[in-house]
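For reference, work_16.txt is printed below; it contains compact mmCIF, C-alpha atoms.
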```txt
# COMPACT_ATOMS: atom_id res chain seq x y z
CA MET A 94 -12.99 37.91 -26.46
CA ASP A 95 -10.63 34.99 -26.92
CA SER A 96 -12.79 32.19 -28.34
CA SER A 97 -9.90 29.67 -28.42
CA ALA A 98 -9.57 29.84 -24.62
CA ASN A 99 -13.26 28.94 -24.25
CA THR A 100 -12.86 26.04 -26.64
CA ASP A 101 -9.92 24.68 -24.63
CA ASP A 102 -11.92 24.91 -21.39
CA ARG A 103 -14.64 22.72 -22.87
CA ALA A 104 -12.24 20.17 -24.40
CA PRO A 105 -12.68 16.72 -22.84
CA LEU A 106 -9.82 15.44 -20.73
CA PRO A 107 -7.80 12.71 -22.48
CA ASP A 108 -8.60 9.16 -21.34
CA TYR A 109 -5.03 7.97 -21.78
CA SER A 110 -1.62 9.53 -21.20
CA GLU A 111 1.00 9.51 -23.94
CA ASP A 112 2.63 6.49 -22.30
CA GLY A 113 -0.64 4.54 -22.32
CA VAL A 114 -1.80 4.95 -18.73
CA ASP A 115 -5.61 4.94 -18.30
CA LEU A 116 -6.22 8.39 -16.82
CA SER A 117 -9.96 7.82 -16.49
CA LEU A 118 -9.23 4.94 -14.08
CA ILE A 119 -6.92 7.16 -12.04
CA ARG A 120 -9.57 9.92 -11.86
CA TRP A 121 -12.14 7.36 -10.74
CA SER A 122 -9.78 6.03 -8.05
CA ILE A 123 -9.00 9.55 -6.82
CA SER A 124 -12.75 10.23 -6.56
CA LEU A 125 -13.11 7.45 -3.93
CA THR A 126 -12.48 7.91 -0.22
CA PRO A 127 -9.45 6.07 1.25
CA LEU A 128 -11.79 3.49 2.84
CA GLU A 129 -13.59 2.93 -0.49
CA ARG A 130 -10.22 2.40 -2.19
CA LEU A 131 -9.28 -0.23 0.40
CA GLN A 132 -12.69 -1.93 0.23
CA PHE A 133 -12.57 -2.14 -3.56
CA LEU A 134 -9.06 -3.61 -3.46
CA GLU A 135 -9.96 -6.13 -0.74
CA ASP A 136 -13.12 -7.26 -2.55
CA ARG A 137 -11.24 -7.58 -5.81
CA ILE A 138 -8.37 -9.60 -4.31
CA ASN A 139 -10.79 -11.99 -2.64
CA GLU A 140 -12.85 -12.42 -5.81
CA ILE A 141 -9.72 -13.19 -7.86
CA LEU A 142 -8.46 -15.66 -5.26
CA ALA A 143 -11.87 -17.38 -5.15
CA ILE A 144 -11.88 -17.75 -8.95
CA ARG A 145 -8.33 -19.13 -8.89
CA GLU A 146 -9.24 -21.63 -6.19
CA LEU A 147 -12.34 -22.74 -8.07
CA ASN A 148 -10.33 -23.33 -11.22
CA ALA A 149 -7.56 -25.15 -9.37
CA ARG A 150 -10.13 -27.71 -8.19
CA THR A 151 -11.68 -28.35 -11.60
CA MET B 490 -7.61 -20.28 0.67
CA PRO B 491 -8.22 -17.82 3.55
CA GLU B 492 -9.64 -14.39 2.70
CA ARG B 493 -7.29 -11.43 2.55
CA LYS B 494 -8.32 -9.02 5.27
CA VAL B 495 -6.48 -5.85 4.43
CA ILE B 496 -8.73 -3.47 6.35
CA ALA B 497 -8.86 -5.73 9.41
CA THR B 498 -5.05 -5.93 9.39
CA LEU B 499 -4.67 -2.15 9.36
CA ARG B 500 -7.40 -1.69 11.98
CA SER B 501 -5.74 -4.24 14.27
CA LEU B 502 -2.39 -2.51 13.97
CA CYS B 503 -4.04 0.82 14.91
CA GLU B 504 -6.04 -0.67 17.80
CA ARG B 505 -2.86 -2.10 19.29
CA ASP B 506 -1.11 1.27 18.98
CA ILE B 507 1.58 -0.24 16.77
CA GLN B 508 3.69 2.50 15.19
CA PHE B 509 4.24 2.03 11.46
CA VAL B 510 4.29 3.72 8.07
CA LEU B 511 2.32 2.00 5.32
CA VAL B 512 4.44 1.66 2.15
CA GLY B 513 4.34 -0.37 -1.09
CA GLY B 514 1.25 -1.13 -3.14
CA LEU B 515 -1.27 -0.32 -0.43
CA ALA B 516 0.29 3.12 0.08
CA ALA B 517 -0.06 3.62 -3.68
CA VAL B 518 -3.73 2.57 -3.53
CA LEU B 519 -4.48 4.86 -0.58
CA ASN B 520 -2.83 7.72 -2.46
CA GLY B 521 -5.29 7.07 -5.30
CA ALA B 522 -3.27 4.89 -7.69
CA PRO B 523 -5.36 2.13 -9.35
CA VAL B 524 -2.91 -0.72 -8.78
CA ASP B 525 -3.37 -4.24 -7.43
CA THR B 526 -1.50 -5.63 -4.48
CA TYR B 527 -1.86 -8.72 -2.35
CA ASP B 528 0.16 -7.90 0.74
CA VAL B 529 0.42 -5.26 3.45
CA ASP B 530 3.88 -3.63 3.51
CA VAL B 531 4.79 -1.64 6.60
CA VAL B 532 7.93 -0.05 7.98
CA HIS B 533 7.61 -0.46 11.73
CA SER B 534 9.17 1.49 14.56
CA ARG B 535 11.98 -0.57 16.04
CA GLU B 536 11.56 0.91 19.51
CA PRO B 537 11.50 -1.97 22.05
CA ALA B 538 7.94 -1.22 23.27
CA ASN B 539 6.63 -1.18 19.69
CA ILE B 540 8.42 -4.44 18.89
CA GLU B 541 6.77 -6.01 21.94
CA ARG B 542 3.29 -4.91 20.79
CA LEU B 543 3.98 -6.02 17.23
CA LEU B 544 5.29 -9.42 18.30
CA SER B 545 2.23 -10.00 20.44
CA PHE B 546 -0.04 -9.15 17.48
CA LEU B 547 1.95 -11.45 15.17
CA GLN B 548 1.49 -14.33 17.60
CA GLU B 549 -2.25 -13.61 17.71
CA ILE B 550 -2.55 -13.80 13.91
CA ASP B 551 -0.34 -16.90 13.66
CA ALA B 552 2.41 -15.23 11.62
CA VAL B 553 5.09 -17.43 10.06
CA PHE B 554 7.69 -16.75 7.39
CA ARG B 555 6.28 -17.21 3.89
CA ILE B 556 9.40 -18.99 2.72
CA GLN B 557 8.92 -22.66 3.61
CA PRO B 558 5.63 -22.03 5.48
CA GLU B 559 5.45 -25.76 6.32
CA ARG B 560 8.36 -25.24 8.73
CA ARG B 561 6.24 -22.68 10.60
CA LEU B 562 9.18 -20.45 11.48
CA ARG B 563 7.96 -17.59 13.64
CA PRO B 564 9.43 -14.08 13.73
CA THR B 565 11.20 -13.10 16.93
CA ALA B 566 11.94 -9.79 18.64
CA SER B 567 15.48 -9.84 17.24
CA HIS B 568 14.12 -10.29 13.69
CA LEU B 569 11.86 -7.26 14.23
CA ALA B 570 14.72 -5.20 15.67
CA GLY B 571 16.85 -5.68 12.55
CA GLY B 572 16.72 -3.58 9.41
CA GLY B 573 15.76 -6.44 7.11
CA HIS B 574 12.52 -7.50 5.45
CA LEU B 575 10.29 -10.13 7.06
CA ASN B 576 7.87 -11.64 4.55
CA LEU B 577 5.13 -13.29 6.61
CA ILE B 578 1.88 -15.16 6.05
CA THR B 579 -0.77 -14.71 8.72
CA SER B 580 -4.42 -15.57 9.36
CA LEU B 581 -5.25 -12.13 7.90
CA GLY B 582 -3.14 -12.62 4.76
CA PRO B 583 0.45 -11.75 3.77
CA ILE B 584 2.24 -9.02 5.73
CA ASP B 585 5.73 -7.71 4.97
CA LEU B 586 7.44 -6.05 7.93
CA LEU B 587 10.30 -3.89 6.76
CA GLY B 588 12.96 -2.53 9.09
CA THR B 589 14.07 -0.10 6.39
CA ILE B 590 13.24 0.62 2.74
CA GLY B 591 15.12 2.14 -0.19
CA PRO B 592 18.45 3.65 0.82
CA GLY B 593 18.10 2.49 4.45
CA LEU B 594 15.12 4.65 5.38
CA SER B 595 13.75 3.70 8.80
CA PHE B 596 10.41 4.46 10.46
CA SER B 597 11.70 7.76 11.88
CA ASP B 598 13.22 8.74 8.52
CA LEU B 599 9.84 8.15 6.86
CA LEU B 600 7.80 10.28 9.29
CA PRO B 601 8.42 13.56 7.40
CA LEU B 602 7.91 11.72 4.09
CA SER B 603 4.47 10.41 5.03
CA HIS B 604 1.11 11.79 6.10
CA GLU B 605 -1.59 10.61 8.44
CA MET B 606 -4.74 9.51 6.64
CA ALA B 607 -8.17 9.02 8.22
CA ILE B 608 -9.56 5.70 7.01
CA SER B 609 -12.62 5.41 9.23
CA GLU B 610 -13.82 6.43 12.69
CA GLY B 611 -10.89 5.89 15.06
CA MET B 612 -8.67 4.52 12.32
CA ARG B 613 -5.86 6.81 11.23
CA ILE B 614 -2.77 5.44 9.56
CA ARG B 615 0.46 6.97 8.40
CA VAL B 616 0.95 6.49 4.65
CA LEU B 617 4.10 7.10 2.61
CA ASN B 618 3.79 10.06 0.21
CA LEU B 619 3.38 9.25 -3.45
CA GLU B 620 6.44 11.39 -4.31
CA THR B 621 8.64 9.29 -2.00
CA LEU B 622 7.11 6.03 -3.21
CA ILE B 623 7.97 7.01 -6.79
CA SER B 624 11.49 8.06 -5.81
CA ILE B 625 12.17 4.77 -4.00
CA LYS B 626 10.84 2.70 -6.89
CA GLU B 627 13.02 4.71 -9.30
CA GLN B 628 16.05 3.89 -7.15
CA LEU B 629 15.17 0.20 -6.81
CA ALA B 630 14.50 0.00 -10.56
CA SER B 631 13.48 -3.67 -10.55
CA GLU B 632 11.21 -4.84 -13.40
CA LYS B 633 8.27 -4.95 -10.97
CA ASP B 634 8.94 -1.41 -9.74
CA LEU B 635 9.51 0.04 -13.21
CA ALA B 636 6.25 -1.51 -14.47
CA VAL B 637 4.12 0.40 -11.97
CA LEU B 638 5.98 3.73 -12.21
CA PRO B 639 3.98 5.20 -15.14
CA ILE B 640 0.72 4.73 -13.17
CA LEU B 641 2.21 6.28 -10.02
CA ARG B 642 3.61 9.28 -11.92
CA GLN B 643 0.31 9.90 -13.72
CA THR B 644 -1.60 9.56 -10.44
CA LEU B 645 0.63 12.22 -8.91
CA ARG B 646 -0.01 14.51 -11.88
CA GLU B 647 -3.79 13.98 -11.64
CA LEU B 648 -3.71 14.63 -7.88
CA LYS B 649 -1.82 17.89 -8.39
CA LYS B 650 -4.30 18.93 -11.09
CA SER B 651 -7.30 18.10 -8.90
CA ARG B 652 -5.80 20.05 -5.97
CA SER B 653 -5.16 23.10 -8.13
CA VAL B 654 -8.79 23.29 -9.35
```
Let's see the structure in the file written out as structure tokens.
Amino acid sequence: MDSSANTDDRAPLPDYSEDGVDLSLIRWSISLTPLERLQFLEDRINEILAIRELNART
Amino acid sequence: MPERKVIATLRSLCERDIQFVLVGGLAAVLNGAPVDTYDVDVVHSREPANIERLLSFLQEIDAVFRIQPERRLRPTASHLAGGGHLNLITSLGPIDLLGTIGPGLSFSDLLPLSHEMAISEGMRIRVLNLETLISIKEQLASEKDLAVLPILRQTLRELKKSRSV
């Protein structure tokens, strides 16, 4: 029985690629449905714009 | 500042039977890439009937060119029939209508390089493939395009891994 193969199977996936990309964020995004991806983006854009507007007034 | 209504924009385009391929940042997002974008980029069919439907929709959402918005310059059918890029601001947020992208790729060129994606009941949109999006950004090679490439490439790798499981 090849014990090293079993060890590799259980090894956690890296969180970051060698060039510094957050792979955990990509896996999370892939786990969403297309509509959920759009809803998250839309909510986030509107929240950021609201914060910017609030700070522009103060 | 008016809310960005990305989903409403896409739904409206579908409901009006406007033929387009979604490209740019939103195509990246729909393909699973965790990137931010503020506008809706589409390559539209330049068939006369499609231009008519699109122009009618643009009038409905009060579209004007983003450059010098105070002049309230409105896109015309001849603008939409050309191969250039129309950067517009509308009541639903910014929309970029692109006659062609990359090395002159038009709507019909992009059909085999895109896939139809179900977003919700009755809402199906054609989205540019991640492979093509990466290839176009590699060719454009602007600072903005190069910055997002590592995320797009890693997303493609993760998608291939998840499909092979």
- Query: Which chain A residues are at most 8 Å from chain B (counting only C-alpha atoms), as number ranges by chain?
  - Reply: A: 110, 112, 114, 116, 118-120, 122-123, 125, 127-128, 130-132, 134-135, 138-139, 142-143, 146
- Quote the spacing between CA of Leu638 in chain B and CA of Ala517 in chain B in Å to one decimal place. 10.5 Å
- Query: In Å, with one decimal, what is the gap from CA of Ala636 in chain B to CA of Ser624 in chain B?
  - Reply: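 Atom-to-atom, CA of Ala636 in chain B to CA of Ser624 in chain B, that is 13.9 Å.
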- Task: List the neighbours of Asp634 in chain B out to 10 Å using all atoms listed in the file; skip same-chain residues closer than 5 positions along the sequence, and give me the result as JSON, numbers by chain.
- Result: {"B": [513, 623, 625, 626, 627, 628, 629, 639]}
- Just how far from CA of Leu587 in chain B is CA of Gly571 in chain B, in Å to one decimal?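 Calculated distance between CA of Gly571 in chain B and CA of Leu587 in chain B is 8.9 Å.
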Could you list, as a CSV table (one decimal) with C-alpha atoms, in the frame of the given file, every residue within 6 Å of range 562-570 of chain B, counting all atoms listed in the file and ignoring same-chain residues fewer than 3 positions away?
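So around_3.csv came out as:
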```
chain,number,residue,atom,x,y,z
B,535,ARG,CA,12.0,-0.6,16.0
B,553,VAL,CA,5.1,-17.4,10.1
B,554,PHE,CA,7.7,-16.8,7.4
```
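Those residues that approach Ala516 in chain B to within 9 Å, counting only C-alpha atoms, are Val510, Leu511, Gly521, Ala522, Asp530, Val616, Leu617, Asn618, Leu619 and Leu622 of chain B; same-chain residues fewer than 5 positions away are not listed.
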Please complete range 587-606 of chain B so it has N, CA and C atoms, and hand it over as a PDB file, in the frame of the given file.
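File produced: rebuild.pdb:
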```pdb
ATOM      1  N   LEU B 587       9.045  -4.378   7.302  1.00  0.00           N
ATOM      2  CA  LEU B 587      10.300  -3.890   6.760  1.00  0.00           C
ATOM      3  C   LEU B 587      10.987  -2.995   7.786  1.00  0.00           C
ATOM      4  N   GLY B 588      12.216  -3.371   8.140  1.00  0.00           N
ATOM      5  CA  GLY B 588      12.960  -2.530   9.090  1.00  0.00           C
ATOM      6  C   GLY B 588      13.349  -1.209   8.449  1.00  0.00           C
ATOM      7  N   THR B 589      13.732  -1.294   7.172  1.00  0.00           N
ATOM      8  CA  THR B 589      14.070  -0.100   6.390  1.00  0.00           C
ATOM      9  C   THR B 589      13.621  -0.337   4.949  1.00  0.00           C
ATOM     10  N   ILE B 590      13.506   0.750   4.183  1.00  0.00           N
ATOM     11  CA  ILE B 590      13.240   0.620   2.740  1.00  0.00           C
ATOM     12  C   ILE B 590      14.167   1.554   1.972  1.00  0.00           C
ATOM     13  N   GLY B 591      14.296   1.281   0.676  1.00  0.00           N
ATOM     14  CA  GLY B 591      15.120   2.140  -0.190  1.00  0.00           C
ATOM     15  C   GLY B 591      16.534   2.238   0.343  1.00  0.00           C
ATOM     16  N   PRO B 592      17.066   3.474   0.366  1.00  0.00           N
ATOM     17  CA  PRO B 592      18.450   3.650   0.820  1.00  0.00           C
ATOM     18  C   PRO B 592      18.550   3.645   2.348  1.00  0.00           C
ATOM     19  N   GLY B 593      18.009   2.630   2.992  1.00  0.00           N
ATOM     20  CA  GLY B 593      18.100   2.490   4.450  1.00  0.00           C
ATOM     21  C   GLY B 593      17.199   3.417   5.235  1.00  0.00           C
ATOM     22  N   LEU B 594      16.030   3.743   4.683  1.00  0.00           N
ATOM     23  CA  LEU B 594      15.120   4.650   5.380  1.00  0.00           C
ATOM     24  C   LEU B 594      14.328   3.893   6.443  1.00  0.00           C
ATOM     25  N   SER B 595      14.434   4.355   7.678  1.00  0.00           N
ATOM     26  CA  SER B 595      13.750   3.700   8.800  1.00  0.00           C
ATOM     27  C   SER B 595      12.415   4.401   9.077  1.00  0.00           C
ATOM     28  N   PHE B 596      11.688   3.875  10.054  1.00  0.00           N
ATOM     29  CA  PHE B 596      10.410   4.460  10.460  1.00  0.00           C
ATOM     30  C   PHE B 596      10.561   5.961  10.733  1.00  0.00           C
ATOM     31  N   SER B 597      11.564   6.334  11.531  1.00  0.00           N
ATOM     32  CA  SER B 597      11.700   7.760  11.880  1.00  0.00           C
ATOM     33  C   SER B 597      12.100   8.603  10.669  1.00  0.00           C
ATOM     34  N   ASP B 598      12.872   8.014   9.750  1.00  0.00           N
ATOM     35  CA  ASP B 598      13.220   8.740   8.520  1.00  0.00           C
ATOM     36  C   ASP B 598      11.973   9.002   7.673  1.00  0.00           C
ATOM     37  N   LEU B 599      11.021   8.061   7.726  1.00  0.00           N
ATOM     38  CA  LEU B 599       9.840   8.150   6.860  1.00  0.00           C
ATOM     39  C   LEU B 599       8.751   9.071   7.427  1.00  0.00           C
ATOM     40  N   LEU B 600       8.860   9.432   8.695  1.00  0.00           N
ATOM     41  CA  LEU B 600       7.800  10.280   9.290  1.00  0.00           C
ATOM     42  C   LEU B 600       7.586  11.572   8.503  1.00  0.00           C
ATOM     43  N   PRO B 601       8.675  12.323   8.173  1.00  0.00           N
ATOM     44  CA  PRO B 601       8.420  13.560   7.400  1.00  0.00           C
ATOM     45  C   PRO B 601       8.084  13.299   5.936  1.00  0.00           C
ATOM     46  N   LEU B 602       8.195  12.052   5.494  1.00  0.00           N
ATOM     47  CA  LEU B 602       7.910  11.720   4.090  1.00  0.00           C
ATOM     48  C   LEU B 602       6.552  11.020   3.952  1.00  0.00           C
ATOM     49  N   SER B 603       5.776  11.094   5.018  1.00  0.00           N
ATOM     50  CA  SER B 603       4.470  10.410   5.030  1.00  0.00           C
ATOM     51  C   SER B 603       3.438  11.357   5.635  1.00  0.00           C
ATOM     52  N   HIS B 604       2.179  10.971   5.519  1.00  0.00           N
ATOM     53  CA  HIS B 604       1.110  11.790   6.100  1.00  0.00           C
ATOM     54  C   HIS B 604       0.079  10.879   6.741  1.00  0.00           C
ATOM     55  N   GLU B 605      -0.572  11.407   7.761  1.00  0.00           N
ATOM     56  CA  GLU B 605      -1.590  10.610   8.440  1.00  0.00           C
ATOM     57  C   GLU B 605      -2.887  10.705   7.654  1.00  0.00           C
ATOM     58  N   MET B 606      -3.518   9.563   7.444  1.00  0.00           N
ATOM     59  CA  MET B 606      -4.740   9.510   6.640  1.00  0.00           C
ATOM     60  C   MET B 606      -5.851   8.908   7.491  1.00  0.00           C
TER      61      MET B 606
END
```
